[in-house]
$ cat run.cif   # mmCIF, C-alpha atoms and all ligand atoms
data_my_file
#
loop_
_atom_site.label_atom_id
_atom_site.label_comp_id
_atom_site.auth_asym_id
_atom_site.auth_seq_id
_atom_site.Cartn_x
_atom_site.Cartn_y
_atom_site.Cartn_z
CA MET A 172 88.69 111.22 77.49
CA LYS A 173 88.00 111.06 81.22
CA THR A 174 89.75 113.43 83.63
CA ILE A 175 91.19 112.52 87.03
CA LEU A 176 92.44 115.08 89.54
CA ILE A 177 94.82 113.85 92.23
CA THR A 178 95.78 116.33 94.92
CA GLY A 179 99.40 116.14 96.05
CA GLY A 180 100.26 114.08 92.98
CA VAL A 181 103.85 114.98 92.13
CA ARG A 182 105.48 112.49 94.47
CA GLY A 183 104.77 109.52 96.74
CA ILE A 184 101.39 107.79 96.63
CA GLY A 185 99.75 110.54 94.56
CA LYS A 186 102.34 110.22 91.79
CA SER A 187 101.85 106.43 91.64
CA ILE A 188 98.10 106.98 91.24
CA ALA A 189 98.78 109.56 88.52
CA GLU A 190 101.02 107.14 86.60
CA LYS A 191 98.46 104.33 86.92
CA PHE A 192 95.66 106.45 85.46
CA LEU A 193 97.90 107.81 82.70
CA LYS A 194 98.32 104.18 81.58
CA LYS A 195 94.53 103.79 81.72
CA GLY A 196 94.20 106.58 79.14
CA TYR A 197 92.97 109.33 81.45
CA ARG A 198 93.74 113.03 81.21
CA VAL A 199 95.65 113.29 84.49
CA CYS A 200 95.82 116.51 86.54
CA VAL A 201 97.71 116.81 89.81
CA THR A 202 98.29 119.51 92.38
CA TYR A 203 101.28 120.22 94.55
CA SER A 204 102.12 122.74 97.25
CA LYS A 205 105.96 123.04 97.14
CA ASP A 206 108.05 120.39 95.29
CA GLU A 207 108.83 122.47 92.15
CA SER A 208 111.43 119.95 90.91
CA SER A 209 109.06 116.98 91.41
CA ALA A 210 106.38 118.97 89.57
CA SER A 211 108.65 119.48 86.53
CA ALA A 212 109.55 115.77 86.46
CA THR A 213 105.84 114.88 86.68
CA ALA A 214 104.89 117.32 83.92
CA ALA A 215 107.51 115.70 81.68
CA LEU A 216 105.45 112.47 81.84
CA GLY A 217 102.47 114.22 80.22
CA ILE A 218 100.67 114.93 83.50
CA GLU A 219 99.13 118.40 84.01
CA THR A 220 100.58 119.92 87.19
CA TYR A 221 98.96 122.78 89.10
CA HIS A 222 100.36 124.70 92.02
CA ALA A 223 97.48 124.94 94.52
CA ASP A 224 97.17 124.82 98.28
CA VAL A 225 94.13 122.57 98.87
CA SER A 226 93.41 124.25 102.20
CA ASN A 227 92.89 127.63 100.51
CA GLU A 228 89.31 128.10 99.28
CA LEU A 229 90.16 130.65 96.58
CA ALA A 230 93.06 128.54 95.28
CA VAL A 231 90.74 125.51 94.99
CA GLN A 232 88.10 127.56 93.13
CA GLU A 233 90.75 128.82 90.68
CA LEU A 234 92.12 125.30 90.27
CA PHE A 235 88.73 123.92 89.19
CA GLU A 236 88.18 126.87 86.83
CA LYS A 237 91.46 125.96 85.11
CA ILE A 238 90.85 122.19 84.99
CA GLY A 239 87.10 122.10 84.27
CA ASP A 240 85.02 118.98 85.02
CA VAL A 241 86.64 116.00 86.68
CA ASP A 242 85.33 112.44 86.46
CA VAL A 243 87.48 111.14 89.32
CA LEU A 244 88.80 113.14 92.28
CA VAL A 245 91.42 111.63 94.58
CA ASN A 246 91.85 113.62 97.78
CA ASN A 247 95.40 112.51 98.47
CA ALA A 248 97.23 115.66 99.65
CA GLY A 249 98.07 115.29 103.30
CA ILE A 250 100.56 116.18 105.99
CA SER A 251 101.59 114.18 109.03
CA LEU A 252 102.31 115.29 112.58
CA ILE A 253 104.19 113.03 114.98
CA LYS A 254 104.14 114.52 118.48
CA GLN A 255 102.73 113.77 121.89
CA ILE A 256 99.54 115.73 122.50
CA GLN A 257 101.03 117.94 125.23
CA ASP A 258 103.54 119.24 122.66
CA VAL A 259 101.03 120.00 119.90
CA ASP A 260 99.95 123.61 119.68
CA TYR A 261 96.57 124.65 118.34
CA ALA A 262 98.03 126.18 115.17
CA GLU A 263 99.56 122.77 114.30
CA PHE A 264 96.22 121.07 114.96
CA GLN A 265 94.46 123.55 112.68
CA LYS A 266 97.07 123.15 109.92
CA VAL A 267 96.69 119.34 109.83
CA MET A 268 92.90 119.59 109.87
CA SER A 269 92.77 122.30 107.22
CA VAL A 270 94.96 120.35 104.76
CA ASN A 271 93.83 116.77 105.44
CA VAL A 272 90.12 117.38 106.05
CA GLY A 273 89.55 120.93 104.78
CA GLY A 274 91.32 120.13 101.51
CA ALA A 275 89.13 117.07 100.91
CA PHE A 276 86.02 119.12 101.72
CA LEU A 277 86.91 122.03 99.41
CA CYS A 278 87.94 119.83 96.46
CA SER A 279 84.95 117.50 96.86
CA LYS A 280 82.56 120.46 97.00
CA ALA A 281 84.01 121.94 93.81
CA ALA A 282 84.05 118.59 91.97
CA VAL A 283 80.55 117.53 93.05
CA LYS A 284 78.94 120.66 91.59
CA LYS A 285 79.87 119.43 88.08
CA MET A 286 79.41 115.72 88.84
CA LEU A 287 75.79 116.41 89.82
CA ASP A 288 75.10 117.79 86.31
CA LYS A 289 76.55 114.66 84.72
CA LYS A 290 75.01 112.32 87.30
CA SER A 291 78.28 110.41 87.55
CA GLY A 292 81.62 110.66 89.26
CA LEU A 293 83.95 109.06 91.76
CA ILE A 294 85.68 110.53 94.80
CA VAL A 295 88.40 108.58 96.61
CA ASN A 296 89.68 109.92 99.91
CA VAL A 297 93.13 108.80 101.03
CA SER A 298 92.76 108.06 104.73
CA SER A 299 95.23 105.96 106.75
CA VAL A 300 95.49 102.88 108.91
CA TRP A 301 95.84 105.38 111.78
CA GLY A 302 92.39 106.73 110.90
CA GLU A 303 91.07 103.20 111.37
CA VAL A 304 92.90 102.11 114.51
CA GLY A 305 94.60 105.26 115.90
CA GLY A 306 98.35 105.87 116.08
CA SER A 307 100.18 106.70 119.30
CA CYS A 308 101.88 110.13 119.10
CA GLU A 309 99.77 110.86 116.02
CA SER A 310 96.46 111.75 117.65
CA VAL A 311 95.81 114.81 115.49
CA TYR A 312 96.81 113.06 112.25
CA SER A 313 94.71 110.02 113.26
CA ALA A 314 91.73 112.29 114.00
CA SER A 315 92.05 113.94 110.59
CA LYS A 316 92.15 110.57 108.84
CA ALA A 317 89.23 109.20 110.90
CA ALA A 318 87.28 112.31 109.86
CA LEU A 319 87.82 111.30 106.23
CA LEU A 320 86.27 107.89 106.92
CA GLY A 321 83.09 109.55 108.25
CA PHE A 322 83.11 112.09 105.42
CA THR A 323 83.37 109.24 102.89
CA LYS A 324 80.41 107.30 104.28
CA ALA A 325 78.19 110.35 104.69
CA LEU A 326 78.90 111.64 101.17
CA ALA A 327 78.36 108.17 99.69
CA LYS A 328 74.87 108.16 101.22
CA GLU A 329 74.18 111.74 100.12
CA LEU A 330 75.37 111.33 96.52
CA GLY A 331 74.57 107.71 95.66
CA TYR A 332 71.23 108.50 94.05
CA SER A 333 73.01 111.09 91.86
CA GLY A 334 75.30 108.40 90.43
CA ILE A 335 78.34 109.67 92.34
CA ARG A 336 80.39 107.11 94.29
CA VAL A 337 82.58 107.98 97.27
CA ASN A 338 85.12 105.59 98.80
CA SER A 339 88.35 105.71 100.74
CA VAL A 340 91.63 103.83 100.78
CA SER A 341 93.61 103.45 104.00
CA PRO A 342 97.29 102.84 103.39
CA GLY A 343 99.48 101.28 106.07
CA VAL A 344 103.17 102.19 106.04
CA ILE A 345 104.07 103.08 102.46
CA ASP A 346 107.59 103.74 101.18
CA THR A 347 107.30 107.47 100.34
CA PRO A 348 109.01 110.77 101.27
CA MET A 349 106.49 111.10 104.15
CA ASN A 350 108.32 108.26 105.93
CA ALA A 351 111.85 109.39 105.03
CA HIS A 352 112.53 110.29 108.68
CA PHE A 353 112.48 106.63 109.78
CA THR A 354 115.89 105.05 110.43
CA LYS A 355 116.82 101.57 109.13
CA GLU A 356 116.26 100.26 112.66
CA ASP A 357 112.80 101.89 112.85
CA LEU A 358 111.85 100.34 109.52
CA ALA A 359 113.01 96.88 110.62
CA LEU A 360 110.78 97.14 113.72
CA ILE A 361 107.82 98.36 111.65
CA LYS A 362 108.22 95.44 109.20
CA GLU A 363 108.10 93.02 112.14
CA GLU A 364 104.59 94.35 112.92
CA ILE A 365 103.32 93.83 109.37
CA PRO A 366 102.13 90.28 108.57
CA MET A 367 103.47 90.61 104.99
CA ARG A 368 106.85 91.79 106.40
CA ARG A 369 107.31 94.63 103.93
CA LEU A 370 106.36 98.26 103.51
CA GLY A 371 103.75 99.08 100.90
CA TYR A 372 104.57 100.75 97.60
CA GLY A 373 102.74 103.64 96.00
CA GLU A 374 101.66 101.19 93.28
CA ASP A 375 99.83 99.08 95.89
CA VAL A 376 97.65 102.09 96.75
CA ALA A 377 97.26 103.03 93.07
CA ASN A 378 95.96 99.50 92.36
CA ALA A 379 93.37 99.93 95.12
CA VAL A 380 92.18 103.23 93.63
CA ALA A 381 91.96 101.54 90.21
CA TYR A 382 89.85 98.76 91.76
CA LEU A 383 87.44 101.39 93.09
CA GLU A 384 87.31 103.09 89.69
CA GLU A 385 86.53 99.82 87.92
CA ASN A 386 83.71 98.68 90.21
CA ASP A 387 80.60 100.72 89.49
CA TYR A 388 78.51 99.32 92.34
CA VAL A 389 81.03 99.92 95.14
CA THR A 390 80.43 102.99 97.27
CA GLY A 391 80.90 104.01 100.90
CA ILE A 392 83.69 101.53 101.58
CA ASP A 393 87.15 101.91 103.05
CA LEU A 394 89.77 99.71 101.41
CA PRO A 395 92.77 98.99 103.68
CA VAL A 396 96.10 98.63 101.84
CA ASN A 397 98.44 97.64 104.63
CA GLY A 398 99.86 94.11 104.25
CA GLY A 399 97.66 92.94 107.12
CA PHE A 400 98.82 95.61 109.59
CA SER A 401 95.31 96.28 110.92
CA ILE A 402 94.16 92.67 111.33
CA VAL A 403 92.80 92.24 114.86
P1 LIG B 501 104.12 112.80 100.56
O1 LIG B 501 104.52 113.71 101.65
O2 LIG B 501 105.16 112.11 99.76
O3 LIG B 501 103.15 113.55 99.53
C1 LIG B 501 102.15 114.41 99.99
C2 LIG B 501 101.78 115.33 98.85
O4 LIG B 501 100.78 116.23 99.34
C3 LIG B 501 102.94 116.17 98.33
O5 LIG B 501 102.92 116.15 96.92
C4 LIG B 501 102.63 117.57 98.84
O6 LIG B 501 103.07 118.59 97.95
C5 LIG B 501 101.13 117.53 98.90
N1 LIG B 501 100.58 118.53 99.81
C6 LIG B 501 100.85 118.70 101.14
N2 LIG B 501 100.19 119.76 101.62
C7 LIG B 501 99.47 120.25 100.59
C8 LIG B 501 98.58 121.35 100.44
N3 LIG B 501 98.29 122.16 101.47
N4 LIG B 501 98.04 121.58 99.23
C9 LIG B 501 98.32 120.78 98.17
N5 LIG B 501 99.15 119.73 98.24
C10 LIG B 501 99.71 119.48 99.44
O7 LIG B 501 103.13 111.78 101.24
P2 LIG B 501 102.57 110.35 100.80
O8 LIG B 501 103.18 109.36 101.69
O9 LIG B 501 102.61 110.16 99.34
O10 LIG B 501 101.06 110.55 101.31
C11 LIG B 501 99.97 110.77 100.45
C12 LIG B 501 98.70 110.60 101.26
O11 LIG B 501 98.65 109.28 101.81
C13 LIG B 501 98.60 111.55 102.46
O12 LIG B 501 97.27 111.97 102.61
C14 LIG B 501 99.01 110.68 103.62
O13 LIG B 501 98.46 111.11 104.84
C15 LIG B 501 98.44 109.35 103.19
N6 LIG B 501 99.08 108.20 103.84
C16 LIG B 501 100.41 107.97 103.68
C17 LIG B 501 100.98 106.87 104.31
C18 LIG B 501 102.44 106.53 104.18
O14 LIG B 501 102.90 105.63 104.89
N7 LIG B 501 103.20 107.17 103.31
C19 LIG B 501 100.19 106.03 105.11
C20 LIG B 501 98.85 106.31 105.24
C21 LIG B 501 98.30 107.40 104.60
#
$ encode --input "run.cif" --output "structure tokens"
Amino acid sequence: MKTILITGGVRGIGKSIAEKFLKKGYRVCVTYSKDESSASATAALGIETYHADVSNELAVQELFEKIGDVDVLVNNAGISLIKQIQDVDYAEFQKVMSVNVGGAFLCSKAAVKKMLDKKSGLIVNVSSVWGEVGGSCESVYSASKAALLGFTKALAKELGYSGIRVNSVSPGVIDTPMNAHFTKEDLALIKEEIPMRRLGYGEDVANAVAYLEENDYVTGIDLPVNGGFSIV
């Protein structure tokens, strides 16, 4: 049985990916940072849940010791920051970078060590439309997600000959707890900007990750999942 590890997988996009791969017959492991009640509900589905802060090197090492080898790693855990740059302090910048980029680095490093032995594996980084085109009042978040796009391409080049593929998905506006702060009016305005006139669902992103898992010759790409939001 193949193993997939999805960071931040007890709610939102990560949980949809977990459910998709459970149906595909995978052993599914997820991490979470807080969300104890979501973790219990996720565990009840037959998904292994692990409390681990992905920005903490020791916690990531311990996590991989508990889980063992992974065939697929989805670096999904992420935090947003919506502020104008003059109001962002350096500690906030560092926090976003350490979770969104540092977490992907630490988990990829731990997973790749074992993938190299097997000469196979897949890493999917969850970036964002803002990583592709930049979001006003989200400069730090956008920078962290753009970093993941560069990380994806560089790792794909570095690991391709070892049989390890690395890709990213870039969701647009997805209906998850991360966007719970938007009012009805905000959401109506956002939908007006999206050619498909709807928010995305976690399942839309999960389907994109499944596409990347099923296509053995696809590496180094970014797959936008945004209803046409980033069409120029
Ligand atoms: P969410 O807030 O619902 O879920 C994020 C998950 O990450 C949670 O389970 C949380 O526990 C976990 N997490 C946060 N910090 C962590 C840490 N330090 N260690 C371990 N886990 C941690 O968000 P979501 O909307 O499901 O977003 C998932 C990913 O998709 C994020 O990387 C986000 O940036 C990205 N994304 C989301 C959207 C969107 O519109 N929702 C759009 C583009 C990209």
$ residues_around --input "run.cif" --residues "region 303-313 of chain A" --least-positions-apart "4" --cutoff "12 Å" --atoms "only C-alpha atoms" --output "VMD selection string"
chain A and resid 249 to 272 297 to 299 317 to 321 339 to 344 393 to 397 400 to 403
$ closest_atom_pairs --input "run.cif" --of "chain A" --to "ligand LIG 501 (chain B)" --cutoff "8 Å" --atoms "only C-alpha atoms and all ligand atoms" --output "Markdown table"
| residue | atom | partner | partner_atom | distance |
| --- | --- | --- | --- | --- |
| A:Thr178 | CA | B:LIG501 | N5 | 5.8 |
| A:Gly179 | CA | B:LIG501 | O4 | 3.6 |
| A:Gly180 | CA | B:LIG501 | O5 | 5.2 |
| A:Val181 | CA | B:LIG501 | O5 | 5.0 |
| A:Arg182 | CA | B:LIG501 | O5 | 5.1 |
| A:Gly183 | CA | B:LIG501 | O9 | 3.4 |
| A:Ile184 | CA | B:LIG501 | O9 | 3.8 |
| A:Gly185 | CA | B:LIG501 | O9 | 5.6 |
| A:Lys186 | CA | B:LIG501 | O9 | 7.6 |
| A:Thr202 | CA | B:LIG501 | N5 | 5.9 |
| A:Tyr203 | CA | B:LIG501 | O6 | 4.2 |
| A:Ser204 | CA | B:LIG501 | O6 | 4.3 |
| A:Lys205 | CA | B:LIG501 | O6 | 5.4 |
| A:Asp206 | CA | B:LIG501 | O6 | 5.9 |
| A:His222 | CA | B:LIG501 | C9 | 7.6 |
| A:Ala223 | CA | B:LIG501 | C9 | 5.6 |
| A:Asp224 | CA | B:LIG501 | N4 | 3.5 |
| A:Val225 | CA | B:LIG501 | N4 | 4.0 |
| A:Ser226 | CA | B:LIG501 | N3 | 5.4 |
| A:Asn227 | CA | B:LIG501 | N3 | 7.7 |
| A:Asn246 | CA | B:LIG501 | O12 | 7.4 |
| A:Asn247 | CA | B:LIG501 | O12 | 4.6 |
| A:Ala248 | CA | B:LIG501 | O4 | 3.6 |
| A:Gly249 | CA | B:LIG501 | O12 | 3.5 |
| A:Ile250 | CA | B:LIG501 | C6 | 5.5 |
| A:Ser251 | CA | B:LIG501 | O13 | 6.1 |
| A:Ser269 | CA | B:LIG501 | N3 | 8.0 |
| A:Val270 | CA | B:LIG501 | N3 | 5.0 |
| A:Asn271 | CA | B:LIG501 | O12 | 6.5 |
| A:Gly274 | CA | B:LIG501 | N4 | 7.2 |
| A:Val297 | CA | B:LIG501 | O12 | 5.4 |
| A:Ser298 | CA | B:LIG501 | C21 | 5.6 |
| A:Ser299 | CA | B:LIG501 | C20 | 3.9 |
| A:Val300 | CA | B:LIG501 | C20 | 6.0 |
| A:Trp301 | CA | B:LIG501 | C20 | 7.3 |
| A:Tyr312 | CA | B:LIG501 | O13 | 7.8 |
| A:Lys316 | CA | B:LIG501 | O13 | 7.5 |
| A:Ser341 | CA | B:LIG501 | C20 | 6.1 |
| A:Pro342 | CA | B:LIG501 | C20 | 4.2 |
| A:Gly343 | CA | B:LIG501 | C19 | 4.9 |
| A:Val344 | CA | B:LIG501 | O14 | 3.6 |
| A:Ile345 | CA | B:LIG501 | O14 | 3.7 |
| A:Asp346 | CA | B:LIG501 | N7 | 6.0 |
| A:Thr347 | CA | B:LIG501 | O8 | 4.7 |
| A:Pro348 | CA | B:LIG501 | O2 | 4.3 |
| A:Met349 | CA | B:LIG501 | O1 | 4.1 |
| A:Asn350 | CA | B:LIG501 | N7 | 5.9 |
| A:Gly371 | CA | B:LIG501 | O14 | 7.7 |
| A:Gly373 | CA | B:LIG501 | O9 | 7.3 |
$ closest_residue --input "run.cif" --among "A:Glu190, A:Glu207, A:Asp357, A:Asp242" --to "Ile294 (chain A)" --atoms "all atoms listed in the file"
A:Asp242
$ closest_residue --input "run.cif" --among "A:Val376, A:Val243, A:Ala230, A:Leu176" --to "Val337 (chain A)" --atoms "only C-alpha atoms"
A:Val243
$ atom_distance --input "run.cif" --atom1 "CA of Phe276 (chain A)" --atom2 "CA of Met172 (chain A)"
25.6 Å
$ atom_distance --input "run.cif" --atom1 "CA of Ile335 (chain A)" --atom2 "CA of Ala282 (chain A)"
10.6 Å
$ residues_around --input "run.cif" --residues "region 236-238 of chain A" --least-positions-apart "2" --cutoff "12 Å" --atoms "all atoms listed in the file" --output "MDAnalysis selection string"
chainID A and resid 174:177 198:202 219:223 229:234 240:242 244 278 281:282 285
$ axis_aligned_box --input "run.cif" --around "region 272-288 of chain A" --padding-each-side "4 Å" --output "AutoDock Vina command-line options"
--center_x 83.2 --center_y 118.9 --center_z 96.2 --size_x 24.2 --size_y 14.3 --size_z 27.7
$ atom_distance --input "run.cif" --atom1 "CA of Gly302 (chain A)" --atom2 "CA of Gly399 (chain A)"
15.2 Å
$ closest_residue --input "run.cif" --among "A:Glu374, A:Glu329, A:Glu356, A:Glu384" --to "Gly292 (chain A)" --atoms "all atoms listed in the file"
A:Glu384
$ closest_residue --input "run.cif" --among "A:Ala275, A:Gly398, A:Ala214, A:Asn378" --to "Ile361 (chain A)" --atoms "only C-alpha atoms"
A:Gly398
